[in-house]
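Structure data follow from protein_16.txt (compact mmCIF, C-alpha atoms):
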# COMPACT_ATOMS: atom_id res chain seq x y z
CA MET A 1 59.35 7.01 37.18
CA VAL A 2 59.24 3.36 36.22
CA CYS A 3 62.15 1.12 37.05
CA GLU A 4 61.80 -2.08 35.10
CA THR A 5 63.23 -5.45 35.91
CA GLY A 6 64.21 -8.09 33.43
CA VAL A 7 62.19 -11.14 32.55
CA GLY A 8 63.77 -14.30 33.77
CA ALA A 9 64.01 -18.04 33.33
CA THR A 10 63.91 -20.52 36.19
CA GLY A 11 65.38 -20.91 39.67
CA ALA A 12 65.06 -18.30 42.43
CA GLY A 13 67.91 -15.83 42.99
CA PRO A 14 69.41 -14.78 46.32
CA ALA A 15 67.24 -12.76 48.72
CA ALA A 16 68.27 -9.41 50.17
CA GLU A 17 66.87 -6.91 52.65
CA TYR A 18 66.89 -3.12 52.65
CA LEU A 19 65.75 -0.66 55.25
CA VAL A 20 62.98 1.76 54.29
CA PRO A 21 63.63 5.19 55.84
CA ASP A 22 61.05 6.84 58.10
CA TRP A 23 60.24 9.39 55.40
CA VAL A 24 59.27 6.79 52.79
CA ARG A 25 55.97 4.94 52.38
CA VAL A 26 55.64 1.84 50.20
CA ARG A 27 52.63 -0.14 49.12
CA ARG A 28 51.94 -3.05 46.81
CA GLU A 29 50.22 -2.54 43.47
CA SER A 30 49.42 -4.89 40.60
CA PHE A 31 52.61 -3.89 38.74
CA GLY A 32 54.89 -4.13 41.78
CA LEU A 33 55.52 -1.45 44.40
CA LEU A 34 54.62 2.22 44.67
CA PHE A 35 57.00 4.40 46.68
CA TYR A 36 56.15 7.82 48.12
CA ASP A 37 58.77 10.18 49.49
CA THR A 38 57.18 12.35 52.18
CA ARG A 39 60.02 14.91 51.83
CA SER A 40 59.11 15.73 48.26
CA THR A 41 55.67 14.08 47.84
CA LYS A 42 57.10 12.41 44.73
CA LEU A 43 56.00 8.96 43.59
CA THR A 44 58.20 6.21 42.21
CA PHE A 45 56.53 3.37 40.35
CA VAL A 46 58.55 0.17 40.55
CA ARG A 47 57.56 -2.53 38.12
CA CYS A 48 58.92 -5.53 39.98
CA GLY A 49 55.98 -7.92 40.05
CA ASP A 50 56.17 -10.09 43.15
CA ASP A 51 59.95 -9.88 43.50
CA MET A 52 59.75 -7.46 46.43
CA ASP A 53 57.80 -7.61 49.68
CA PRO A 54 56.94 -4.18 51.03
CA PRO A 55 57.31 -3.45 54.74
CA PRO A 56 54.41 -2.25 56.92
CA PHE A 57 53.16 1.23 56.01
CA THR A 58 54.62 2.77 59.18
CA GLY A 59 56.63 1.65 62.17
CA ALA A 60 60.19 1.19 63.29
CA ARG A 61 62.85 -0.64 61.27
CA ARG A 62 60.79 -1.45 58.22
CA LEU A 63 62.47 -3.96 55.95
CA LEU A 64 61.93 -4.34 52.22
CA ARG A 65 62.64 -7.90 51.12
CA VAL A 66 63.88 -8.58 47.63
CA ARG A 67 63.39 -12.13 46.45
CA PRO A 68 64.08 -12.63 42.75
CA SER A 69 61.63 -15.17 41.41
CA ASP A 70 64.39 -16.58 39.22
CA GLU A 71 68.13 -16.12 38.86
CA SER A 72 67.97 -14.19 35.64
CA ARG A 73 66.14 -11.36 37.40
CA ALA A 74 68.79 -10.94 40.07
CA ALA A 75 71.00 -8.59 38.05
CA ALA A 76 68.09 -6.41 36.97
CA LEU A 77 66.81 -6.27 40.53
CA ALA A 78 70.26 -5.29 41.77
CA ARG A 79 70.29 -2.38 39.31
CA LEU A 80 66.82 -1.43 40.41
CA MET A 81 67.82 -1.44 44.07
CA GLN A 82 70.80 0.75 43.21
CA THR A 83 68.39 3.28 41.70
CA LEU A 84 66.24 3.20 44.83
CA LEU A 85 69.34 3.62 47.02
CA VAL A 86 70.40 6.69 45.04
CA LYS A 87 66.93 8.18 45.37
CA GLY A 88 67.02 7.63 49.14
CA LEU A 89 63.97 5.38 49.03
CA VAL A 90 65.84 2.50 50.65
CA VAL A 91 69.08 2.26 52.60
CA ALA A 92 71.37 -0.64 53.31
CA ALA A 93 69.85 -2.82 56.02
CA GLY A 94 72.71 -2.11 58.38
CA SER A 95 72.17 1.66 58.22
CA ASP A 96 70.11 3.86 60.51
CA SER A 97 67.21 5.64 58.80
CA MET B 1 51.29 7.89 35.46
CA PRO B 2 54.40 6.60 33.71
CA PRO B 3 54.18 5.33 30.14
CA GLY B 4 53.26 1.68 30.14
CA LEU B 5 51.26 1.99 33.33
CA THR B 6 48.51 4.31 32.15
CA HIS B 7 46.06 1.42 32.03
CA SER B 8 47.13 0.01 35.38
CA ARG B 9 44.61 0.44 38.11
CA LEU B 10 45.85 1.48 41.52
CA ARG B 11 44.36 -0.37 44.47
CA THR B 12 43.54 2.87 46.26
CA PRO B 13 44.11 6.60 45.71
CA VAL B 14 47.57 8.06 46.11
CA ASN B 15 46.07 11.17 47.65
CA VAL B 16 42.63 12.31 48.69
CA THR B 17 41.39 15.88 48.58
CA TRP B 18 39.24 16.50 51.61
CA GLU B 19 37.18 19.65 51.88
CA VAL B 20 36.77 19.57 55.66
CA THR B 21 34.45 22.52 56.03
CA GLU B 22 32.03 24.67 54.10
CA ALA B 23 32.82 27.66 56.26
CA CYS B 24 34.81 30.44 54.65
CA ASN B 25 35.50 34.07 55.48
CA LEU B 26 36.12 35.04 51.84
CA GLN B 27 34.02 35.00 48.70
CA CYS B 28 36.50 34.47 45.89
CA ARG B 29 35.03 34.91 42.45
CA HIS B 30 36.53 31.66 41.12
CA CYS B 31 35.90 29.45 44.19
CA LEU B 32 35.54 25.83 43.15
CA SER B 33 33.74 25.05 46.42
CA ALA B 34 31.04 27.70 46.10
CA GLY B 35 28.63 25.03 44.93
CA LEU B 36 29.18 23.05 48.11
CA ARG B 37 28.46 26.06 50.29
CA ALA B 38 25.33 26.83 48.32
CA GLY B 39 24.10 23.37 49.27
CA SER B 40 24.62 24.19 52.98
CA ARG B 41 25.11 20.63 54.13
CA ARG B 42 26.54 19.52 57.42
CA GLU B 43 30.18 18.61 58.12
CA LEU B 44 31.60 15.34 59.37
CA ASP B 45 32.13 15.55 63.14
CA PHE B 46 35.48 14.77 64.71
CA ASP B 47 34.70 11.10 65.35
CA GLN B 48 33.62 10.67 61.74
CA CYS B 49 36.80 12.43 60.62
CA ARG B 50 38.87 10.09 62.76
CA ARG B 51 37.14 7.04 61.30
CA LEU B 52 37.78 8.31 57.79
CA ILE B 53 41.48 8.84 58.59
CA ASP B 54 41.64 5.32 60.03
CA GLU B 55 40.26 4.01 56.78
CA LEU B 56 42.66 6.09 54.68
CA ALA B 57 45.52 4.63 56.71
CA ARG B 58 44.23 1.09 56.14
CA MET B 59 44.00 1.89 52.44
CA GLN B 60 47.60 3.12 52.57
CA VAL B 61 46.70 6.49 51.08
CA PHE B 62 49.90 8.52 51.13
CA GLN B 63 48.60 12.06 51.35
CA ILE B 64 45.54 14.09 52.31
CA ASN B 65 45.11 17.48 50.66
CA PHE B 66 42.91 19.45 53.03
CA GLY B 67 40.83 22.33 51.77
CA GLY B 68 37.48 23.90 52.28
CA GLY B 69 36.07 26.48 52.72
CA GLU B 70 38.82 27.69 54.94
CA PRO B 71 40.01 24.64 56.90
CA PHE B 72 41.42 26.65 59.81
CA LEU B 73 37.92 27.91 60.60
CA ARG B 74 37.23 24.41 61.95
CA SER B 75 38.08 24.53 65.64
CA ASP B 76 39.24 20.90 65.65
CA PHE B 77 41.31 21.13 62.49
CA LEU B 78 44.71 20.92 64.16
CA GLU B 79 43.54 17.79 65.95
CA ILE B 80 42.45 16.30 62.62
CA LEU B 81 45.89 17.09 61.18
CA ARG B 82 47.62 15.62 64.19
CA TYR B 83 45.56 12.44 63.98
CA ALA B 84 46.38 12.01 60.29
CA HIS B 85 50.08 12.37 61.03
CA CYS B 86 49.86 9.79 63.79
CA GLN B 87 48.56 7.36 61.16
CA GLY B 88 51.55 8.05 58.92
CA ILE B 89 49.67 10.13 56.34
CA THR B 90 51.30 13.23 54.87
CA THR B 91 49.14 16.35 54.95
CA CYS B 92 48.89 19.38 52.72
CA VAL B 93 46.62 22.28 53.64
CA SER B 94 45.23 24.86 51.26
CA THR B 95 44.42 28.03 53.19
CA ASN B 96 43.52 31.60 52.36
CA GLY B 97 46.05 32.68 54.97
CA THR B 98 43.85 35.28 56.63
CA VAL B 99 43.44 33.50 59.96
CA LEU B 100 47.09 32.58 60.51
CA ASP B 101 48.61 33.84 63.74
CA ASP B 102 51.57 32.86 65.88
CA ALA B 103 49.58 30.40 67.98
CA LEU B 104 48.26 28.61 64.90
CA ILE B 105 51.73 28.50 63.35
CA ASP B 106 53.07 27.04 66.61
CA GLY B 107 50.40 24.35 66.32
CA LEU B 108 51.31 23.59 62.72
CA LEU B 109 55.01 23.38 63.53
CA SER B 110 54.21 20.93 66.32
CA VAL B 111 52.53 18.63 63.79
CA ALA B 112 55.13 19.22 61.06
CA PRO B 113 55.67 18.51 58.32
CA VAL B 114 52.45 20.05 57.07
CA TYR B 115 52.73 21.28 53.49
CA LEU B 116 51.03 24.65 53.60
CA GLN B 117 49.70 26.27 50.46
CA VAL B 118 48.55 29.87 50.83
CA SER B 119 46.26 31.21 48.14
CA LEU B 120 47.09 34.62 46.72
CA ASP B 121 45.78 35.63 43.32
CA GLY B 122 48.22 38.27 42.20
CA ALA B 123 51.48 39.96 42.99
CA ARG B 124 49.68 43.26 43.46
CA ALA B 125 46.87 44.23 45.80
CA GLU B 126 44.55 45.55 43.13
CA THR B 127 44.81 42.35 41.11
CA ASN B 128 44.35 39.95 44.01
CA ASP B 129 41.56 41.99 45.56
CA ALA B 130 39.60 42.02 42.31
CA ILE B 131 39.42 38.23 42.61
CA ARG B 132 39.53 37.40 46.33
CA GLY B 133 37.85 40.49 47.73
CA ARG B 134 38.68 44.01 48.84
CA GLY B 135 41.46 44.27 51.41
CA THR B 136 42.39 40.59 51.21
CA PHE B 137 45.88 41.13 49.76
CA SER B 138 47.14 42.83 52.92
CA ARG B 139 45.44 40.26 55.16
CA ILE B 140 46.92 37.34 53.22
CA MET B 141 50.36 38.94 53.10
CA SER B 142 50.27 39.41 56.88
CA GLY B 143 49.83 35.66 57.25
CA ILE B 144 52.60 34.94 54.75
CA GLU B 145 54.95 37.31 56.55
CA LEU B 146 54.27 35.59 59.86
CA LEU B 147 55.11 32.24 58.27
CA ALA B 148 58.25 33.67 56.66
CA ALA B 149 59.36 35.21 59.94
CA ARG B 150 59.09 31.78 61.55
CA GLY B 151 60.97 30.17 58.67
CA TYR B 152 58.04 27.88 57.94
CA PRO B 153 59.71 25.06 56.02
CA ASP B 154 57.03 23.67 53.72
CA LEU B 155 55.35 26.73 52.29
CA SER B 156 54.05 27.49 48.82
CA LEU B 157 52.08 30.43 47.50
CA ASN B 158 49.36 29.42 45.10
CA MET B 159 47.94 31.56 42.34
CA VAL B 160 44.98 30.47 40.26
CA VAL B 161 46.04 31.80 36.88
CA THR B 162 43.36 33.99 35.33
CA ARG B 163 43.17 36.67 32.68
CA LEU B 164 43.55 39.27 35.43
CA ASN B 165 46.79 38.02 36.96
CA ALA B 166 48.52 36.11 34.16
CA GLY B 167 50.75 39.09 33.45
CA GLU B 168 52.08 38.99 37.02
CA ILE B 169 53.38 35.42 37.13
CA GLY B 170 57.03 36.45 37.09
CA GLU B 171 56.44 39.04 39.78
CA PHE B 172 54.47 36.49 41.81
CA ASP B 173 57.34 34.01 41.52
CA GLY B 174 59.67 36.69 42.91
CA LEU B 175 57.27 37.49 45.74
CA ALA B 176 57.10 33.83 46.76
CA GLY B 177 60.86 33.45 46.62
CA SER B 178 61.42 36.51 48.76
CA HIS B 179 59.26 34.91 51.47
CA GLY B 180 61.00 31.54 51.38
CA ALA B 181 58.05 29.96 49.59
CA LYS B 182 57.73 27.90 46.45
CA THR B 183 55.54 29.15 43.64
CA ARG B 184 52.50 27.09 42.79
CA LEU B 185 50.30 27.86 39.82
CA SER B 186 46.84 26.35 39.55
CA ARG B 187 44.44 26.19 36.72
CA PHE B 188 41.27 28.22 36.66
CA ARG B 189 38.44 25.82 35.94
CA PRO B 190 34.75 26.50 35.34
CA SER B 191 33.74 24.62 38.52
CA GLY B 192 31.68 26.12 41.36
CA ALA B 193 31.71 29.92 41.17
CA GLY B 194 34.27 29.60 38.39
CA CYS B 195 31.46 28.70 36.04
CA SER B 196 29.93 32.18 36.13
CA ALA B 197 33.38 33.83 36.12
CA TRP B 198 34.63 31.78 33.18
CA ASP B 199 34.16 34.36 30.46
CA ASP B 200 35.83 37.09 32.53
CA PHE B 201 38.73 35.02 33.85
CA ARG B 202 39.61 32.47 31.19
CA LEU B 203 43.02 32.97 29.65
CA THR B 204 43.42 34.37 26.17
CA ARG B 205 45.27 32.34 23.57
CA GLU B 206 48.33 34.55 24.01
CA GLN B 207 48.23 34.11 27.79
CA LEU B 208 47.97 30.33 27.43
CA LEU B 209 51.05 30.37 25.19
CA GLU B 210 52.98 32.60 27.59
CA LEU B 211 52.01 30.36 30.50
CA SER B 212 53.12 27.26 28.62
CA ALA B 213 56.47 28.89 27.85
CA PHE B 214 56.90 30.08 31.45
CA LEU B 215 56.27 26.60 32.81
CA GLY B 216 58.76 25.16 30.36
CA ASP B 217 61.39 27.63 31.52
CA HIS B 218 60.65 27.22 35.25
CA PRO B 219 60.72 23.54 36.22
CA GLY B 220 60.80 24.50 39.90
CA VAL B 221 57.34 26.05 39.76
CA LEU B 222 54.77 23.64 41.19
CA THR B 223 51.58 22.95 39.28
CA GLY B 224 50.15 19.79 40.81
CA ASP B 225 47.74 18.34 38.31
CA SER B 226 46.85 21.66 36.74
CA PHE B 227 48.64 22.09 33.45
CA PHE B 228 49.65 18.69 32.07
CA ALA B 229 47.56 19.36 28.97
CA LEU B 230 49.32 22.65 28.34
CA THR B 231 52.92 22.13 29.34
CA PRO B 232 55.84 21.52 26.99
CA ASP B 233 57.16 17.98 26.70
CA GLY B 234 60.30 18.85 28.63
CA ARG B 235 58.23 19.24 31.77
CA ARG B 236 56.47 15.90 31.49
CA ALA B 237 58.63 14.15 34.03
CA LEU B 238 57.54 16.67 36.67
CA GLY B 239 53.87 15.87 36.77
CA LEU B 240 50.95 13.91 35.53
CA ASN B 241 50.36 12.95 31.94
CA MET B 242 46.70 12.22 32.39
CA CYS B 243 43.78 13.08 34.60
CA GLY B 244 44.12 11.31 37.94
CA ALA B 245 40.45 11.57 38.92
CA ALA B 246 39.11 8.23 40.21
CA ARG B 247 42.48 6.69 39.35
CA MET B 248 45.06 8.31 41.59
CA THR B 249 42.87 10.65 43.58
CA CYS B 250 39.33 11.39 44.68
CA ALA B 251 37.62 14.09 46.70
CA VAL B 252 35.62 14.03 49.92
CA ALA B 253 33.19 16.90 50.51
CA PRO B 254 32.50 18.34 53.99
CA ASP B 255 29.48 16.07 54.49
CA GLY B 256 31.39 12.95 53.43
CA SER B 257 30.19 12.83 49.83
CA VAL B 258 32.77 11.34 47.49
CA TYR B 259 33.55 12.60 43.98
CA PRO B 260 36.23 11.78 41.38
CA CYS B 261 38.06 15.05 42.07
CA ALA B 262 37.61 18.40 43.79
CA PHE B 263 36.66 20.05 40.51
CA LEU B 264 33.89 17.55 39.85
CA CYS B 265 31.83 17.97 43.04
CA ASP B 266 28.60 17.91 41.08
CA PRO B 267 25.58 15.66 41.78
CA VAL B 268 26.19 13.94 38.44
CA PHE B 269 29.50 12.62 39.78
CA LEU B 270 28.44 11.69 43.31
CA ALA B 271 29.94 8.25 43.95
CA GLY B 272 28.78 7.68 47.54
CA ASN B 273 29.16 8.97 51.06
CA VAL B 274 31.67 7.80 53.64
CA THR B 275 29.00 7.87 56.36
CA ASP B 276 27.09 5.16 54.48
CA ARG B 277 29.86 3.12 52.94
CA GLY B 278 33.61 2.80 53.23
CA LEU B 279 35.79 4.93 50.97
CA ALA B 280 37.72 1.85 49.86
CA ASP B 281 34.48 0.27 48.66
CA ILE B 282 33.40 3.46 46.90
CA PHE B 283 36.77 3.81 45.18
CA GLU B 284 36.80 0.17 44.18
CA SER B 285 33.29 -0.33 42.91
CA SER B 286 31.36 2.91 42.43
CA PRO B 287 29.78 2.97 38.94
CA VAL B 288 30.68 6.67 38.73
CA PHE B 289 34.35 5.88 39.25
CA GLU B 290 34.21 2.90 36.90
CA ARG B 291 32.76 5.12 34.20
CA PHE B 292 35.52 7.64 34.74
CA ARG B 293 38.24 5.05 34.43
CA GLU B 294 36.78 3.74 31.21
CA GLU B 295 36.21 7.17 29.72
CA ALA B 296 38.43 7.97 26.77
CA VAL B 297 38.49 11.02 24.59
CA GLU B 298 38.42 9.21 21.27
CA THR B 299 38.94 12.35 19.22
CA CYS B 300 42.32 12.84 20.91
CA ARG B 301 43.79 9.44 20.11
CA THR B 302 45.43 10.55 16.89
CA CYS B 303 46.94 13.68 18.48
CA ASP B 304 50.74 13.75 18.70
CA ARG B 305 50.42 14.82 22.36
CA PHE B 306 47.97 12.10 23.38
CA SER B 307 50.56 10.36 25.58
CA SER B 308 51.17 13.71 27.32
CA CYS B 309 47.63 14.42 28.38
CA HIS B 310 45.15 11.69 27.32
CA GLY B 311 42.53 14.32 26.59
CA GLY B 312 43.30 16.77 29.38
CA CYS B 313 41.04 17.88 32.22
CA PRO B 314 37.55 16.34 32.04
CA ALA B 315 36.21 18.90 34.52
CA VAL B 316 36.90 21.75 32.12
CA ALA B 317 35.47 19.81 29.21
CA TYR B 318 32.39 18.76 31.19
CA PHE B 319 31.44 22.12 32.64
CA LEU B 320 31.83 23.82 29.27
CA THR B 321 30.21 21.17 27.10
CA ARG B 322 28.35 18.82 29.49
CA SER B 323 30.27 16.01 27.87
CA LEU B 324 33.15 13.92 29.20
CA ASP B 325 34.27 12.59 25.86
CA LEU B 326 35.29 15.88 24.33
CA PRO B 327 38.84 17.21 24.55
CA ASP B 328 40.03 19.79 27.01
CA PRO B 329 39.45 23.06 25.12
CA GLU B 330 42.63 24.60 26.55
CA CYS B 331 45.09 21.85 25.66
CA LEU B 332 48.25 22.86 23.86
CA ARG B 333 47.08 21.44 20.55
CA ALA B 334 43.84 23.43 20.78
CA VAL B 335 45.96 26.55 21.18
CA VAL B 336 48.76 25.66 18.76
CA PRO B 337 47.99 23.13 16.01
CA ALA B 338 50.66 20.48 15.43
CA THR B 339 51.75 22.05 12.16
CA SER B 340 53.06 25.13 13.98
CA ALA B 341 53.91 23.46 17.29
CA LYS B 342 57.67 23.86 16.94
CA GLU B 343 57.22 27.50 17.84
CA VAL B 344 56.47 26.66 21.45
CA VAL B 345 57.56 23.13 22.31
Once more with this new file: its structure as structure tokens, please.
Amino acid sequence: MVCETGVGATGAGPAAEYLVPDWVRVRRESFGLLFYDTRSTKLTFVRCGDDMDPPPFTGARRLLRVRPSDESRAAALARLMQTLLVKGLVVAAGSDS
Amino acid sequence: MPPGLTHSRLRTPVNVTWEVTEACNLQCRHCLSAGLRAGSRRELDFDQCRRLIDELARMQVFQINFGGGEPFLRSDFLEILRYAHCQGITTCVSTNGTVLDDALIDGLLSVAPVYLQVSLDGARAETNDAIRGRGTFSRIMSGIELLAARGYPDLSLNMVVTRLNAGEIGEFDGLAGSHGAKTRLSRFRPSGAGCSAWDDFRLTREQLLELSAFLGDHPGVLTGDSFFALTPDGRRALGLNMCGAARMTCAVAPDGSVYPCAFLCDPVFLAGNVTDRGLADIFESSPVFERFREEAVETCRTCDRFSSCHGGCPAVAYFLTRSLDLPDPECLRAVVPATSAKEVV
């Protein structure tokens, strides 16, 4: 699945952090991030450019950082994060994974 | 790969198929690895295996698909699995099921989750045994029943669909379900021993159509990368829409040789060896892999299903025609021309 973000203008948007559950792996690719759910072995392609920083491949309390490169991308990124939340690929940073 | 990203190049494979041993206690007529065994080369030792896993972890490869031979004939195989899990890599093991016992299942459960795929080539003994060898159905079923009795959580039964067993797919699906397993159907390809069995085992046109319809009606049936060239459009979201060889996957042979995929373990496609050179370097810069990524089946570009399969499986095309730029001869459009396609899709 590809989740696309909008194309923006100027001025960075607000940053946010999400927790990546133990069962999810994330890595950077040229188009953005590639998620892998170990519970289903399904892939999720996220076309987000450099707007997200993936956490380490493994380890405790892995945080995904979302940093919109400009304000106009913030809304699209918020929708994208909602999709990832629904799929269980990220959880709110205050949650236990 | 999703539309719009088909020309993107992944940094590293998503998964790697690793044939960890040549040893096998069966002689299946369609074995894709028979060519490897005929070569009788040595296997990577445990330290070499550990170094390869370390590299796969650095590459952030998500999954290793272990096969063989029969991987459980390697005495250190559980340790290899355990080491991969410690590095955060998901493992899937393809086994013939004949060596499973309670102690081995205990070991697997201690490493869990290990996705276990047991090969069984028919819902009936006479069908399976004609392909995998006399008496194998009861031996394989014994292993499956042990797993079912333990409630093994990540189990699938895999059938390579051939002319002999295609009529039993529904029955096979029921057999898997009754043992708490998912059904997995794999494509018979003319690789390894499959080359000499091709004329006997290849599906008829009617069987290909029935299989396509079955897959369309059963989205829960797993197929991996087997049938993207044959499946109805409604199933597209469930799997690949193009060959992943050298793009999303690659294969490592028992001696460390690297190929674009497990069905292309032929000297022509040898990209390197992990004992000489890192896998990341091979994946990144091997001329064999570069050629694969650039390969395009030009004759398919005008096909209405091009975005669904991009030419299909190059292994089938290559071993039947010795050419990589010819279309998969078993794609849906080869079976049903576009003018009459509404009958099946």
Could you list, as a PDB file with C-alpha atoms, in the frame of the given file, every residue of chain B that has an atom within 7 Å of an atom of chain A, counting only C-alpha atoms?
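And here's part25.pdb as it stands now:
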ATOM      1  CA  PRO B   2      54.400   6.600  33.710  1.00  0.00           C
ATOM      2  CA  LEU B  10      45.850   1.480  41.520  1.00  0.00           C
ATOM      3  CA  ARG B  11      44.360  -0.370  44.470  1.00  0.00           C
ATOM      4  CA  GLN B  60      47.600   3.120  52.570  1.00  0.00           C
ATOM      5  CA  PHE B  62      49.900   8.520  51.130  1.00  0.00           C
ATOM      6  CA  GLY B  88      51.550   8.050  58.920  1.00  0.00           C
ATOM      7  CA  THR B  90      51.300  13.230  54.870  1.00  0.00           C
TER       8      THR B  90
END
Which residue is closest to B:Trp18? Choose from B:Arg150, B:Trp198, B:Gly133, B:Thr249 and count only C-alpha atoms.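 Counting only C-alpha atoms, the residue closest to B:Trp18 is B:Thr249.
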Would you list the contacts of stretch 119-127 of chain B as a compact mmCIF listing (two decimals) with C-alpha atoms, in the frame of the given file, taking every protein, DNA or RNA residue within 8 Å and counting all atoms listed in the file, but skipping same-chain residues closer than 5 positions in sequence?
# COMPACT_ATOMS: atom_id res chain seq x y z
CA SER B 94 45.23 24.86 51.26
CA THR B 95 44.42 28.03 53.19
CA ASN B 96 43.52 31.60 52.36
CA GLY B 97 46.05 32.68 54.97
CA ARG B 132 39.53 37.40 46.33
CA GLY B 135 41.46 44.27 51.41
CA THR B 136 42.39 40.59 51.21
CA PHE B 137 45.88 41.13 49.76
CA SER B 138 47.14 42.83 52.92
CA ILE B 140 46.92 37.34 53.22
CA LEU B 157 52.08 30.43 47.50
CA ASN B 158 49.36 29.42 45.10
CA MET B 159 47.94 31.56 42.34
CA VAL B 160 44.98 30.47 40.26
CA VAL B 161 46.04 31.80 36.88
CA LEU B 164 43.55 39.27 35.43
CA ASN B 165 46.79 38.02 36.96
CA GLU B 168 52.08 38.99 37.02
CA ILE B 169 53.38 35.42 37.13
CA GLU B 171 56.44 39.04 39.78
CA PHE B 172 54.47 36.49 41.81
CA LEU B 175 57.27 37.49 45.74
Taking (67.9, -0.9, 48.8) in the file's coordinates, which residues come within 7 Å, counting only C-alpha atoms, written as number ranges by chain? A: 18-19, 81-82, 84-85, 90-92
Between atom CA of A:Arg67 and atom CA of B:Met59, what is the spacing in Å? 24.7 Å
What is the atom CA of B:Asn241 to atom CA of B:Cys309 distance in Å?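 Distance reported for this atom pair: 4.7 Å.
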As JSON, please report the centre and edge lengths, rounded to one decimal in Å, of the axis-aligned box that holds all listed atoms of stretch 286-293 of chain B with 5 Å of padding on each of the six sides.
{"center_x": 34.0, "center_y": 5.3, "center_z": 38.3, "size_x": 18.5, "size_y": 14.7, "size_z": 18.2}
Separation of atom CA of B:Cys261 from atom CA of B:Cys313 in Å: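 According to the coordinates, atom CA of B:Cys313 and atom CA of B:Cys261 are separated by 10.7 Å.
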Considering all atoms listed in the file, tabulate each residue of stretch 106-210 of chain B that lies at most 12 Å from stretch 315-339 of chain B along with its nearest interatomic pair and the corresponding distance in Å to one decimal; arrange the rows by chain and ascending residue number and present them as CSV.
residue,atom,partner,partner_atom,distance
B:Arg187,CA,B:Val316,CA,9.9
B:Phe188,CA,B:Val316,CA,9.0
B:Arg189,CA,B:Val316,CA,5.8
B:Pro190,CA,B:Phe319,CA,6.1
B:Ser191,CA,B:Phe319,CA,6.8
B:Gly192,CA,B:Phe319,CA,9.6
B:Ala193,CA,B:Phe319,CA,11.6
B:Gly194,CA,B:Phe319,CA,9.8
B:Cys195,CA,B:Phe319,CA,7.4
B:Ser196,CA,B:Phe319,CA,10.8
B:Trp198,CA,B:Leu320,CA,9.3
B:Asp199,CA,B:Leu320,CA,10.9
B:Arg202,CA,B:Glu330,CA,9.6
B:Leu203,CA,B:Glu330,CA,8.9
B:Thr204,CA,B:Val335,CA,9.6
B:Arg205,CA,B:Val335,CA,6.3
B:Glu206,CA,B:Val335,CA,8.8
B:Gln207,CA,B:Val335,CA,10.3
B:Leu208,CA,B:Val335,CA,7.6
B:Leu209,CA,B:Val335,CA,7.5
B:Glu210,CA,B:Val335,CA,11.3
Which neighbours of stretch 290-301 of chain B fall inside 9 Å, counting all atoms listed in the file, when residues of the same chain fewer than 6 positions from it are skipped, and could you give them as a list in words?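 The contact residues come out as His7, Arg9, Ala245, Ala246, Arg247, Pro260, Phe283, Glu284, Ser307, His310, Gly311, Gly312, Leu324, Asp325, Leu326 and Pro327 of chain B.
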